[in-house]
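See below for coords01.cif, which holds mmCIF, C-alpha atoms.
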```cif
data_coords
loop_
_atom_site.label_atom_id
_atom_site.label_comp_id
_atom_site.auth_asym_id
_atom_site.auth_seq_id
_atom_site.Cartn_x
_atom_site.Cartn_y
_atom_site.Cartn_z
CA MET A 192 -17.71 18.00 71.94
CA LYS A 193 -20.93 16.01 71.86
CA LYS A 194 -22.38 18.51 69.41
CA LYS A 195 -19.42 18.10 67.04
CA LEU A 196 -19.65 14.31 67.31
CA LEU A 197 -23.35 14.43 66.49
CA ILE A 198 -22.69 16.61 63.43
CA TYR A 199 -19.93 14.22 62.33
CA ILE A 200 -22.28 11.23 62.63
CA LEU A 201 -25.00 13.02 60.68
CA VAL A 202 -22.51 13.85 57.91
CA LEU A 203 -21.44 10.19 57.71
CA ILE A 204 -25.07 9.09 57.49
CA PHE A 205 -25.72 11.65 54.75
CA LEU A 206 -22.67 10.52 52.75
CA PHE A 207 -23.72 6.89 53.17
CA PHE A 208 -27.15 7.52 51.67
CA VAL A 209 -25.70 9.66 48.86
CA GLY A 210 -23.30 6.84 48.04
CA CYS A 211 -26.14 4.30 47.97
CA THR A 212 -28.17 6.53 45.69
CA ASN A 213 -25.28 6.97 43.25
CA GLU A 214 -24.60 3.25 43.28
CA MET A 215 -28.25 2.51 42.51
CA GLU A 216 -28.16 5.00 39.63
CA MET A 217 -25.03 3.33 38.28
CA LEU A 218 -26.70 -0.07 38.49
CA GLU A 219 -29.75 1.25 36.67
CA ASP A 220 -27.56 2.80 33.97
CA ASN A 221 -25.68 -0.47 33.54
CA SER A 222 -28.94 -2.40 33.36
CA THR A 223 -30.25 -0.04 30.72
CA LEU A 224 -27.03 -0.33 28.75
CA LYS A 225 -27.10 -4.09 29.01
CA ALA A 226 -30.71 -4.23 27.88
CA GLY A 227 -29.88 -1.99 24.94
CA ASN A 228 -26.96 -4.19 23.97
CA GLU A 229 -29.08 -7.31 24.17
CA ARG A 230 -31.37 -5.91 21.49
CA LEU A 231 -28.40 -5.80 19.12
CA PHE A 232 -27.63 -9.51 19.41
CA MET A 233 -29.23 -12.13 17.24
CA PRO A 234 -31.21 -14.93 18.84
CA ASP A 235 -29.66 -18.38 18.55
CA SER A 236 -32.37 -19.39 16.09
CA LEU A 237 -31.17 -16.69 13.68
CA ARG A 238 -27.55 -17.72 14.11
CA ASP A 239 -28.58 -21.25 13.17
CA LEU A 240 -30.10 -19.90 9.96
CA ILE A 241 -26.66 -19.00 8.58
CA GLU A 242 -23.96 -21.51 7.78
CA TYR A 243 -20.49 -20.13 7.15
CA ASP A 244 -17.94 -21.66 4.83
CA ARG A 245 -15.02 -21.63 7.25
CA ASN A 246 -12.62 -22.70 4.51
CA SER A 247 -13.11 -19.36 2.78
CA MET A 248 -14.08 -17.10 5.70
CA ASP A 249 -11.91 -16.17 8.67
CA GLN A 250 -13.19 -14.99 12.05
CA TYR A 251 -13.03 -11.34 10.98
CA SER A 252 -15.26 -11.81 7.93
CA ILE A 253 -17.68 -13.99 9.91
CA ARG A 254 -17.96 -11.39 12.66
CA LYS A 255 -18.42 -8.68 10.05
CA LEU A 256 -21.35 -10.62 8.60
CA GLU A 257 -22.84 -11.22 12.03
CA ASN A 258 -22.63 -7.50 12.85
CA ILE A 259 -24.58 -6.72 9.69
CA LEU A 260 -27.19 -9.38 10.46
CA GLU A 261 -27.54 -8.08 14.02
CA LEU A 262 -28.21 -4.60 12.69
CA LEU A 263 -30.69 -5.86 10.09
CA TYR A 264 -32.48 -7.67 12.89
CA THR A 265 -33.21 -4.31 14.55
CA PHE A 266 -35.06 -2.91 11.51
CA PRO A 267 -38.79 -3.78 11.71
CA GLU A 268 -39.18 -4.92 8.09
CA THR A 269 -36.02 -7.01 7.89
CA ASN A 270 -36.71 -8.35 11.37
CA LYS A 271 -39.95 -9.85 10.05
CA MET A 272 -38.15 -11.21 7.00
CA LEU A 273 -35.43 -12.88 9.07
CA ASN A 274 -37.93 -14.31 11.55
CA SER A 275 -39.93 -15.69 8.63
CA LEU A 276 -36.83 -17.40 7.25
CA VAL A 277 -36.12 -18.85 10.70
CA LYS A 278 -39.70 -20.05 11.12
CA ASP A 279 -39.61 -21.83 7.76
CA GLY A 280 -36.15 -23.25 8.38
CA LEU A 281 -34.75 -21.70 5.20
CA LYS A 282 -31.04 -21.97 5.92
CA VAL A 283 -28.46 -20.40 3.65
CA LYS A 284 -24.71 -20.86 3.38
CA MET A 285 -22.43 -17.83 3.07
CA GLU A 286 -18.97 -17.93 1.53
CA ILE A 287 -16.21 -15.86 -0.03
CA THR A 288 -15.52 -17.34 -3.43
CA GLY A 289 -12.88 -15.09 -4.99
CA GLY A 290 -12.07 -15.71 -8.63
CA SER A 291 -13.91 -14.02 -11.48
CA SER A 292 -16.02 -10.93 -10.89
CA SER A 293 -18.46 -11.82 -13.69
CA LEU A 294 -21.20 -12.38 -11.10
CA GLY A 295 -20.56 -9.05 -9.39
CA GLU A 296 -19.58 -8.32 -5.80
CA ALA A 297 -22.17 -10.72 -4.38
CA TRP A 298 -24.68 -13.25 -5.69
CA TYR A 299 -27.34 -15.72 -4.66
CA ASP A 300 -27.48 -19.33 -5.82
CA PRO A 301 -30.89 -20.91 -5.09
CA ILE A 302 -29.85 -24.46 -6.02
CA TYR A 303 -30.03 -26.58 -2.87
CA PRO A 304 -28.33 -25.99 -0.57
CA PRO A 305 -28.78 -22.25 -1.28
CA LYS A 306 -25.68 -20.09 -1.07
CA ILE A 307 -24.80 -16.42 -0.86
CA GLY A 308 -21.35 -15.67 -2.21
CA PHE A 309 -19.09 -12.64 -1.90
CA LEU A 310 -16.23 -11.90 -4.25
CA ARG A 311 -13.96 -10.59 -1.47
CA GLU A 312 -14.16 -9.70 2.20
CA ASP A 313 -14.64 -6.00 1.39
CA CYS A 314 -17.73 -6.97 -0.64
CA ILE A 315 -19.47 -7.96 2.60
CA THR A 316 -21.48 -4.76 2.98
CA MET A 317 -24.88 -4.01 4.44
CA GLU A 318 -26.49 -3.43 1.04
CA ASN A 319 -24.97 -6.57 -0.50
CA VAL A 320 -26.01 -8.82 2.38
CA LEU A 321 -29.51 -7.32 2.39
CA HIS A 322 -29.82 -7.64 -1.40
CA GLU A 323 -28.96 -11.35 -1.42
CA LEU A 324 -31.12 -12.16 1.61
CA LEU A 325 -34.06 -10.53 -0.18
CA HIS A 326 -33.44 -12.86 -3.14
CA HIS A 327 -33.44 -15.78 -0.70
CA TYR A 328 -36.72 -14.64 0.84
CA ALA A 329 -38.35 -13.96 -2.54
CA MET A 330 -37.36 -17.36 -3.91
CA TYR A 331 -39.35 -19.18 -1.24
CA ASN A 332 -42.34 -16.85 -0.95
CA TYR A 333 -43.42 -15.93 -4.49
CA VAL A 334 -44.18 -18.55 -7.14
CA PRO A 335 -43.28 -16.36 -10.19
CA TYR A 336 -39.86 -15.68 -8.70
CA ARG A 337 -39.30 -19.28 -7.65
CA ASP A 338 -40.21 -20.46 -11.15
CA GLY A 339 -37.99 -17.82 -12.75
CA VAL A 340 -40.61 -16.60 -15.23
CA ILE A 341 -40.01 -12.85 -14.72
CA PRO A 342 -36.43 -12.56 -13.39
CA ALA A 343 -36.06 -8.88 -14.33
CA CYS A 344 -39.00 -8.02 -12.06
CA GLU A 345 -37.50 -9.92 -9.15
CA GLU A 346 -34.07 -8.36 -9.65
CA TYR A 347 -35.44 -4.85 -9.77
CA GLU A 348 -37.81 -5.35 -6.82
CA VAL A 349 -34.81 -6.50 -4.77
CA ARG A 350 -32.79 -3.48 -5.88
CA VAL A 351 -35.54 -0.97 -5.10
CA LEU A 352 -36.32 -2.54 -1.73
CA THR A 353 -32.64 -2.58 -0.81
CA ASP A 354 -32.49 1.14 -1.58
CA VAL A 355 -35.66 1.82 0.43
CA ILE A 356 -34.36 0.04 3.54
CA MET A 357 -30.87 1.51 3.28
CA GLN A 358 -32.24 5.03 2.77
CA LYS A 359 -34.74 4.63 5.61
CA TYR A 360 -32.35 3.33 8.26
CA CYS A 361 -28.83 4.08 7.00
CA ALA A 362 -29.20 7.39 5.18
CA ASN A 363 -26.00 8.72 6.77
CA CYS A 364 -24.00 5.68 5.71
CA ASP A 365 -21.87 5.53 2.59
CA PHE A 366 -23.73 3.23 0.21
CA LYS A 367 -24.47 3.03 -3.50
CA TYR A 368 -28.04 3.05 -4.78
CA GLN A 369 -28.74 -0.17 -6.63
CA GLY A 370 -31.86 0.78 -8.54
CA MET A 371 -30.37 3.65 -10.52
CA SER A 372 -26.84 4.66 -11.45
CA PRO A 373 -25.65 8.29 -11.22
CA ASP A 374 -24.63 7.80 -14.86
CA GLU A 375 -28.31 7.95 -15.79
CA GLY A 376 -28.09 11.71 -15.29
CA LEU A 377 -31.53 13.31 -15.28
CA PHE A 378 -33.21 10.16 -13.94
CA TYR A 379 -30.97 9.73 -10.90
CA GLN A 380 -32.37 12.42 -8.58
CA PRO A 381 -36.02 11.70 -9.50
CA TYR A 382 -35.33 8.06 -8.62
CA ILE A 383 -34.00 9.05 -5.18
CA ASP A 384 -37.05 11.28 -4.68
CA TRP A 385 -39.25 8.32 -5.58
CA ILE A 386 -37.46 6.14 -3.01
CA ASN A 387 -38.07 8.79 -0.33
CA ASN A 388 -41.74 8.98 -1.32
CA LEU A 389 -42.03 5.22 -0.91
CA ILE A 390 -40.56 5.53 2.58
CA ASN A 391 -42.91 8.31 3.64
CA THR A 392 -46.14 7.23 1.97
CA SER A 393 -48.99 6.00 4.15
CA SER A 394 -50.76 4.21 1.29
CA PHE A 395 -49.68 1.92 -1.51
CA ASP A 396 -51.17 2.67 -4.93
CA LYS A 397 -50.28 -0.36 -7.05
CA PHE A 398 -51.13 1.35 -10.34
CA LEU A 399 -49.02 4.47 -9.81
CA PHE A 400 -46.24 2.45 -8.24
CA GLY A 401 -46.19 0.09 -11.22
CA ILE A 402 -45.74 2.98 -13.66
CA GLU A 403 -42.72 4.36 -11.81
CA PHE A 404 -41.29 0.89 -11.21
CA LYS A 405 -41.39 0.02 -14.91
CA LYS A 406 -39.92 3.38 -15.93
CA TYR A 407 -36.90 3.23 -13.66
CA GLY A 408 -36.57 -0.54 -13.97
CA THR A 409 -36.28 -0.36 -17.75
CA PHE A 410 -33.31 2.02 -17.53
CA CYS A 411 -31.62 -0.10 -14.87
CA ILE A 412 -32.03 -3.43 -16.67
CA ARG A 413 -30.86 -1.93 -19.97
CA ARG A 414 -27.67 -0.74 -18.29
CA LEU A 415 -27.10 -4.10 -16.61
CA VAL A 416 -27.57 -5.95 -19.89
CA THR A 417 -25.28 -3.54 -21.75
CA ASN A 418 -22.49 -3.72 -19.18
CA ASP A 419 -22.72 -7.43 -18.40
CA ARG A 420 -23.31 -9.77 -21.32
CA PRO A 421 -24.06 -12.94 -19.26
CA ILE A 422 -26.95 -11.08 -17.61
CA SER A 423 -28.49 -10.41 -21.03
CA ASP A 424 -29.36 -14.11 -21.23
CA VAL A 425 -31.35 -13.87 -17.98
CA LEU A 426 -32.85 -10.38 -17.65
CA ASN A 427 -35.25 -8.95 -20.19
CA GLU A 428 -36.99 -5.59 -19.90
CA ASN A 429 -40.11 -7.14 -21.47
CA ASP A 430 -40.66 -8.88 -18.11
CA PHE A 431 -42.00 -5.56 -16.82
CA ASN A 432 -45.07 -6.01 -19.04
CA TYR A 433 -46.17 -8.72 -16.59
CA TYR A 434 -45.14 -6.99 -13.39
CA ILE A 435 -47.32 -6.93 -10.30
CA PRO A 436 -45.94 -5.83 -6.89
CA LEU A 437 -44.96 -8.84 -4.79
CA LEU A 438 -41.89 -8.34 -2.63
CA LEU A 439 -42.36 -4.58 -2.42
CA GLU A 440 -46.02 -4.78 -1.48
CA THR A 441 -45.13 -7.15 1.35
CA PHE A 442 -42.44 -4.87 2.76
CA LEU A 443 -44.03 -1.49 2.06
CA PHE A 444 -47.56 -2.38 3.11
CA ASP A 445 -48.07 -5.76 4.81
CA PHE A 446 -45.04 -5.52 7.11
CA LYS A 447 -46.12 -2.04 8.24
CA ARG A 448 -49.46 -3.24 9.59
#
```

Let me see the file written as structure tokens.
Amino acid sequence: MKKKLLIYILVLIFLFFVGCTNEMEMLEDNSTLKAGNERLFMPDSLRDLIEYDRNSMDQYSIRKLENILELLYTFPETNKMLNSLVKDGLKVKMEITGGSSSLGEAWYDPIYPPKIGFLREDCITMENVLHELLHHYAMYNYVPYRDGVIPACEEYEVRVLTDVIMQKYCANCDFKYQGMSPDEGLFYQPYIDWINNLINTSSFDKFLFGIEFKKYGTFCIRRLVTNDRPISDVLNENDFNYYIPLLLETFLFDFKR
């Protein structure tokens, strides 16, 4: 009888310690999960960077935007861009404007206070948000772009960089390349190959990069001007004659160091 009682007590002790071990493992798993989730949330300083037009945006569209910003905050290059905007206090207002689509799905208005507009809620996509935030960053960091002397260069740098970041971190997502249309036929796949080379390169050759940039940029700007007459008053392919890497050098080289 005593022997059975002793065995019973030992079994209880064993089960007690097993239960404690499992509980500790569960706590560790929960802590890890919590820590992982915390990395997906924006700091309050970044939330303060964005002002939402609550007359045009409901809670769903605001949360959709915040989810995109949270994800962008996890990418090293865009993390540095967003932190730079926060540090410099460069706030921007976001709104859904509706109305005419002459400005496209999304646009950036640098006139103070700066605004990023979306045509509709479904136009709030990762690539559109990234594209317009890059315009916002470029406007305050590069004199030629702030002064508007070579707008075609700025527009195409933003398009190429948007494609680089989307391809690097969201290759499995459904997104449209902005720097080259599939309608360009023979130039489309070489452009995508060029984007992948930019992602994988360990050095940045300004001369060779400039040649490719001007080649693909000329086709893109020509198509934009042909399809959208108001843009023809702003963008001119001759701007590429004065192109030097600004935004792209920062993101492809400086932000990697």

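Taking atom CA of Glu428 of chain A and atom CA of Asp445 of chain A as endpoints, the distance between them is 27.1 Å.
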
Item to check | One-decimal distance in Å that lies between atom CA of Leu439 of chain A and atom CA of Tyr347 of chain A | outcome: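 Distance reported for this atom pair: 10.1 Å.
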
Checklist entry - If we count all atoms listed in the file, what is near Asp235 of chain A at a cut-off of 12 Å, once residues fewer than 2 positions away on the same chain are taken out, given as a PyMOL selection string? => result chain A and resi 232-233+237-241+257+261+274+277

Next on the checklist: Under the rule that only C-alpha atoms are counted, which of A:Asp338, A:Asp249, A:Glu323, A:Glu440 is the nearest residue to Lys397 of chain A?
Outcome noted: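 Closest residue, counting only C-alpha atoms: A:Glu440.
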
Item to check | Residues within 9 Å of segment 278-285 of chain A, all atoms listed in the file, excluding chain neighbours under 2 positions, as a list in words | outcome: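 Result of the neighbour search: Ser236, Asp239, Leu240, Ile241, Glu242, Tyr243, Asp244, Met248, Leu273, Asn274, Ser275, Leu276, Ile287, Pro304, Pro305, Lys306, Ile307, Gly308, Phe309, Leu324, His327, Tyr328 and Tyr331 of chain A.
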